[in-house]
Each structure stands twice: as C-alpha cells, then as structure tokens.
Amino acid sequence: MTVTAASGDGAGARLTSLIARQRQELDAVRSGAAARCVVDLARGMLMERLGCGPAEAQRQLAHLAAEAGTTVAELAAEVTSQDPVAAAEPAGRRPSLAGAAIEVADDGAGIAAALLDQALAPAGATAVALWLNDPDGGLQLAGEAGFGPGEASRWRRIHPEMNSLIPQVARDGGELWWPGGRPDGDSTPLIGRWPAGARAVLPLRVAGATLGVLEACWPVPLEDFDAALRRQLTALADVCAQALGARLPNGDLAADHGASWLFGLLDGVIESAMFACALRDGEGRVTDFRIDHVSEGLRDPAGRNAAELAGRTLLEAYPAAAADGGMYDQAAQALASGKPVHIPGGVISAPGTALGDAAVAPVLDIRIASLFDGVVIAWRRADEAGRADEAGRLAVLLQHAERLGRIGGWEENLVTGDVRWTDPTFALFGQQPGDPIPVADLHAHVPADDVPGVERFRDTLLREKRATAAAFRIIRADDGSTRQMRVFAEPVTDPAGTLVALRGAFQDVSAHYHTQVALAATRDRLADTEERAQEEHRLALRLQQAITPRSARPVEAAGLDVAARYRPAGPGHLVSGDWYDTVMLPTRQVLLVVGDIAGHGIDAVTGMVALRNCLRGLAITGAAPAALLGWLNGVACHLTDGIIGTAICGLYDPASRTLRWSRAGHLPPVLVRDGRAAELSLPQGILLGADPDASYEEVTTSLRPGDTLLLFTDGLIERRGDPIDESLRSLLRIASRPVADVARYADHVLASAASDTDDDACLVAVHLQ
C-alpha cells in the first residue's frame, strides 16, 4: 500500500476540517487565556483582602463559587466586575458542592470519597468505585469509597477478558442501570455485597474518549432511576472524568496513568516509533491524531527528530496521510478495531512536496497498532526490513537445527591460533563462554581410554589433511559428567595447499548411545525370556497332554458311549487350564467332569492338575457331586495359590439312568433328545476359589436311551462382541440333530461351533445306548 497524496473529496474534506479545527483550537486558547486572567485577578484580590497565600485564595474562591451555585470563572468575573463570558465556561454547567469537592481532591480515592459523601450518600447510595483503562484493555481501580479494603483488593485489577459489567461498559461506552438489582438468571460477578441492591455503571468520558468507568451501588432496590437522578449521576461522571484526566501525567490521555514505563519500553524495543493520541470532535468522532511521544532515535523520511514532531498532528506533519486509504485511514481503522495494521511498501511524502509527489520518499514497512486512545506507528525501510528479516530467519533456523540435533559448530585458525565456537558448543562441553578448546588440547578433556581415538582424529586432519570423523567420550567441565560425542571436521587449505584452518561440528550422541546399549541389553533379556517362555510352554503342554488324554473312548460302561474332544487355541498361544475327566468309580457309577481354570500358561496347567487329582481322590469316597464341589472349593481357597475356575461335576448311575450333577459357575450342560437340543436348568453355585464358605446345589436329571449329553467349556462357543446367550443359542442349533455315532457327532459339534477368542476348548459327549 502506498501512502501518498490524495486526490478527491475525502482528502480535501480532511484538510478543510484540519484548518477549521485549528481555528477553533486557537479561539479556545484565547478564550481560556482570558478566563484564566480573570480568575488570576480575582485570586490576587482575595490574597490582598484576606492576607493569605495563592493556594488558600484558590480554595476560598472555589468554596464561594460552590456556595453561590456558580462556576469559579463566573464568580471571578463578578468579583472583578468583568464579563463572565470572557471566562469561556460552558453555559449552564454549574458544579455543585460535590463537584467542587471532587475538583480539589488529591487523588482517585479522594474523588470517590467526595462523590459518595457529597452527592451519592444523600441519594441513598452506599458505595462508589472508579476505574481507569489499562493499555491492554483491562481496568485499574483508581479509587473507591464504601466497599472496604478487602473488596477493593479483589477488584484492584480487572482482566480484559473478565465477564463483568465494568469492562463491558468500558468497551461499549454505554450506560447500565439496574434499579432492581441483579436480573434473574444473571451470573455476572459484581463488586460489593449488595447483589439485590440498585446499581449504576457509567463511562468516564473526556473529549469523547472513554477514560474509565464509574460504578455506584445502593443497598436496596429502587423503583427506578428517575430522570433527575440519572442527570445527576451523568453530570457527576463527567466531573470525575475531568478531575481524573487532569491528574494524569502531562494532563492528557496519551500519557495515561503509569504509562511512561510503556513508552520507555517502546523506545528500547522499537527504534523508530511514535505514539499519536486521537483527537475527537464534540460527538466523539476521530478528526486527527496528535503526536504525543516520539522515540529518541527516530528520524522521519524528512530527517525530523522527536523535538520537531512532538505536539504536531498527524495530518499536519504528514499531509499525504490524508489520502483515501492512506496512513490516516489505517490509523483510524487500527484504533476502531483494536487490530494491528501492516502497510508493506508504504510511502510517506516529505513535507513541502506537492500532494501526490512521492518520488523522493523512501518505501517503508509501516505497522500501526492501537494503544490507549491512540495508535503506535512504527516503520523501517523496506529494503532493510527484507534483508534483516531474511538474515534473522536463517539465524533462527540454524539455532533451532543446532538445538534439536544437539550440534555445535567450531572453527580453528591455525595461523593466528584463534578458536571460534558457537554458543551450543560451549553448552555441549560445559565450558564457560569465551573459553573454547583447541584441537591440540582436546585429548585433555576425554577419558584415558579414548585418548588414542582423539589422537588419530587429530593426525588425520593435520598430517593427512583429510576430512574425518570420530566418536569418543568427553568429560564436561562444569559437572564432571561424561557424554558421548561425535565430531566431524575438514581441513582448510590456501591455494598453495598449506593447511590454514580446521572447521567442523560436535554432536552429543549420548542419548543414541544409551539407547543402543539399552536395546542390546533388552535383546539379550528378551532372548532369555523367550527361551524360558518356550520351555514353560512345552512343559505346560506335556502336563496337559498327560492328564487330558485325546482318546476317543476314555471310559466304557454298560449302556454309555463317551467321546471327548480337546481343541487347542493354536500354535503360538499359551495353553490354558481347560480340562475334563471321565472315570468309572468302584461303585460302578461314572464320574463326568469338565472344568476351566482362569489364566494361561504353566500356572493355569498346574492349577488344573491340582484340582483334577484332588477331585479323583475325593470321588473315591462316594460323596455326592455337591459335596465334591464344596470340598474342591475348599482346596482352591486354602491349599492352592489363588486358583479361580469353573466346573461341572456329575455322577451317572447306569442302573437308574439318572445323572446327579452340580456346577460351580460353569455353563449349563446341553441335552439332545429326539434330535432337539436344550439347556438343562442351572443349579446354584459360584466359582471355585471365590468364597471358602460357598455351598452348591445338586439336581438329578433322568435320561432315556438315545439321549446325548454335552459338557463343554466356554472356549467352544464364545465370540467377541456377542452375548453368551446368543452363543448358546447358536450351539443349540448346531447340536439339534440325531446322534447315530457319538464320535462323529462330537467331531461335528467341535468343527461347527464358531469361537474367535483364541481360547482352548473341551467337549465331552455322552450318549445313552
């Protein structure tokens, strides 16, 4: 964007407005001077009559004016018999006693106290607070009365992002009236302990700009703020704004309270910057900007310094800024939006050149940002900015590369002996900046075992004049720790082939080295672990095979055909604790058992061996299935190392063709009769090893010739994502078929039952002939 002269009604109107405003300012200065002369004359007369000093005479004059209900200038005119119009006081504005007290108050706290005591307390108010705008959009408490020190400390500073009435009024500039207290449903934080009381929040304006915020609180609700009370509060807000504005440094908004430190910071950070305060008309519209602060080292395109620019308006100093879309418009946009504006390739014409003649002006990189009620304008030559930005970007990129790679560059002049290290190199070696190590002394900073490697590296560079690399340990100078270092270097020769310099880079590879060492150790441990795991797997498999035979006919009894099947999870999977047992007891009854121990591997298999052998020994006693499971649960709880499992235990009596059976948390048996499969009703019984005091229910099932009974573990039917009831229904559909040969039938069920849990499965099919 080029900031040049304007051609058109917009620029001309701005210049016309500038001239008119300057005339008005001149008239105001003259009128103000006349008013001050009248006041000074009246003060002198009082000093003579009362025999007092200037300060006492001024206070007496203000006191008399307040009692008379007139302005100081009008009273002074009456005292001196001068025309009161010469004092140039605004017509109709007659400060009350509260206004006089505010004007003579020493600070913000005094202003707030005077406001409450003289005006608001008689109107029923109990507290008042005054805030001033901060540069970042927040607000700072200037004074309060009635809230107390504790509440004042909590509201000393209001963050610009805080959801509160004060920043809302400061931003919007509108007045807020709550006669009935906080509205229903509103959760805005409020100062004071009277959320139900009336509350008024008004902006403090000076010359159309918002300086801060006034908030007054009542202890109880009001029916309404009548017109007279609203006018009084609005007038008092204006008086407070004038009083606070007069107490700011330099008497203007540009300096603001405590803002001098910010301008000092700008001068230290930005070489060429100025602050321009907004000038506004009676309706608050921006008409120009006054240059209030200029960096000490600033020189504008015409060569003018801070002394020559301070106090001028922006359009006066740079008439070409009035062009449509020019620097003036950009400054107004930045002030209104609060967003910075960048003008790459802008041109500011030197004063004295014709509008539109920017040939002699340099191209600038201009940036504008809002600050207080004004803008900061900074610039530099576009060509310098481009070169500086590119060099800066490359330098930052190199620094990041060195930091991320833990790399430090170095160079050694063999002719002069000068050694140069980058900052990261000093950090790698723990050396103090300015104390680099020559290659000839490098061996003194490594462990004795690594000295030969350093000497070979040095000889390759100095004698063979070849680029080389080496890896060795270094002992850091600051803490004595040892780091793994890799160095790359190359010789530098002159045209005659004489070695004149060395240059290279160090890289701290300690993390990579330690990772490699840990990885090698982990591989060794993993190999040992894998070998042990394979041995445990072979042992568990042999144990399982020893106690879970794969014979198609594990037992033969009169009238029974039994087929047992075992399906391992597959190669690469740990063996589980699934087991079964079918044995003829001395009583000629047949023991039928299927169980599942929780877990996999050698622990699950040894647990299964313990329970199986215990159950065989207990069954010799002739006890019923419920008693056998109760004893087996006691073994799991007290005589094993935390075994948890499920089981079905049944005793089949060939004489009566009945099956007495109990269960411990196991899936129900399936009875296939006349080609249709159905679940048997479940007796009560919890897991083995869960409760040492558990008892088990026993049921008796009558069987018929041709019936087939299926006992199985969950690995036969479980599927990920499907409820167990759905898996059981699927098994019933598979099992619902006539049984001619129990062995083929068992093979069919085992092959058709779909399971995807990578778990072993047991199936025992018992067919009555």
# chains A, B, ... in the order shown; residues from 1 in each chain; ligands from 1

$ select_by_dssp --residues "segment 613-745 of chain A" --states "helix (DSSP H, G or I)" --output "MDAnalysis selection string"
chainID A and resid 613:619 625:638 714:716 724:735 742:745

$ residues_around --residues "Leu279 of chain A" --least-positions-apart "3" --cutoff "9 Å" --atoms "only C-alpha atoms" --output "NGL selection string"
:A and (207-209 or 284-290 or 313 or 374)

$ residues_around --residues "Cys614 of chain A" --least-positions-apart "6" --cutoff "10 Å" --atoms "only C-alpha atoms" --output "short mmCIF file (atom, residue, chain, number, x, y, z; two decimals) with N, CA and C atoms, in the first residue's frame"
data_model
loop_
_atom_site.label_atom_id
_atom_site.label_comp_id
_atom_site.auth_asym_id
_atom_site.auth_seq_id
_atom_site.Cartn_x
_atom_site.Cartn_y
_atom_site.Cartn_z
N MET A 608 -4.84 -76.68 37.19
CA MET A 608 -5.76 -77.70 36.68
C MET A 608 -5.35 -79.10 37.16
N LEU A 628 -18.68 -82.96 46.60
CA LEU A 628 -17.37 -82.96 45.95
C LEU A 628 -16.95 -81.55 45.54
N TRP A 631 -15.89 -79.56 48.64
CA TRP A 631 -14.52 -79.86 49.07
C TRP A 631 -13.50 -79.29 48.09
N LEU A 632 -13.80 -79.38 46.81
CA LEU A 632 -12.87 -78.87 45.80
C LEU A 632 -12.73 -77.35 45.92
N VAL A 635 -10.29 -76.71 48.68
CA VAL A 635 -8.92 -76.90 48.22
C VAL A 635 -8.45 -75.66 47.46
N ALA A 636 -9.30 -75.12 46.55
CA ALA A 636 -8.91 -73.96 45.75
C ALA A 636 -8.67 -72.74 46.63
#

$ atom_distance --atom1 "atom CA of Gly504 of chain A" --atom2 "atom CA of Phe426 of chain A"
14.2 Å

$ atom_distance --atom1 "atom CA of Asp478 of chain A" --atom2 "atom CA of Arg503 of chain A"
24.5 Å
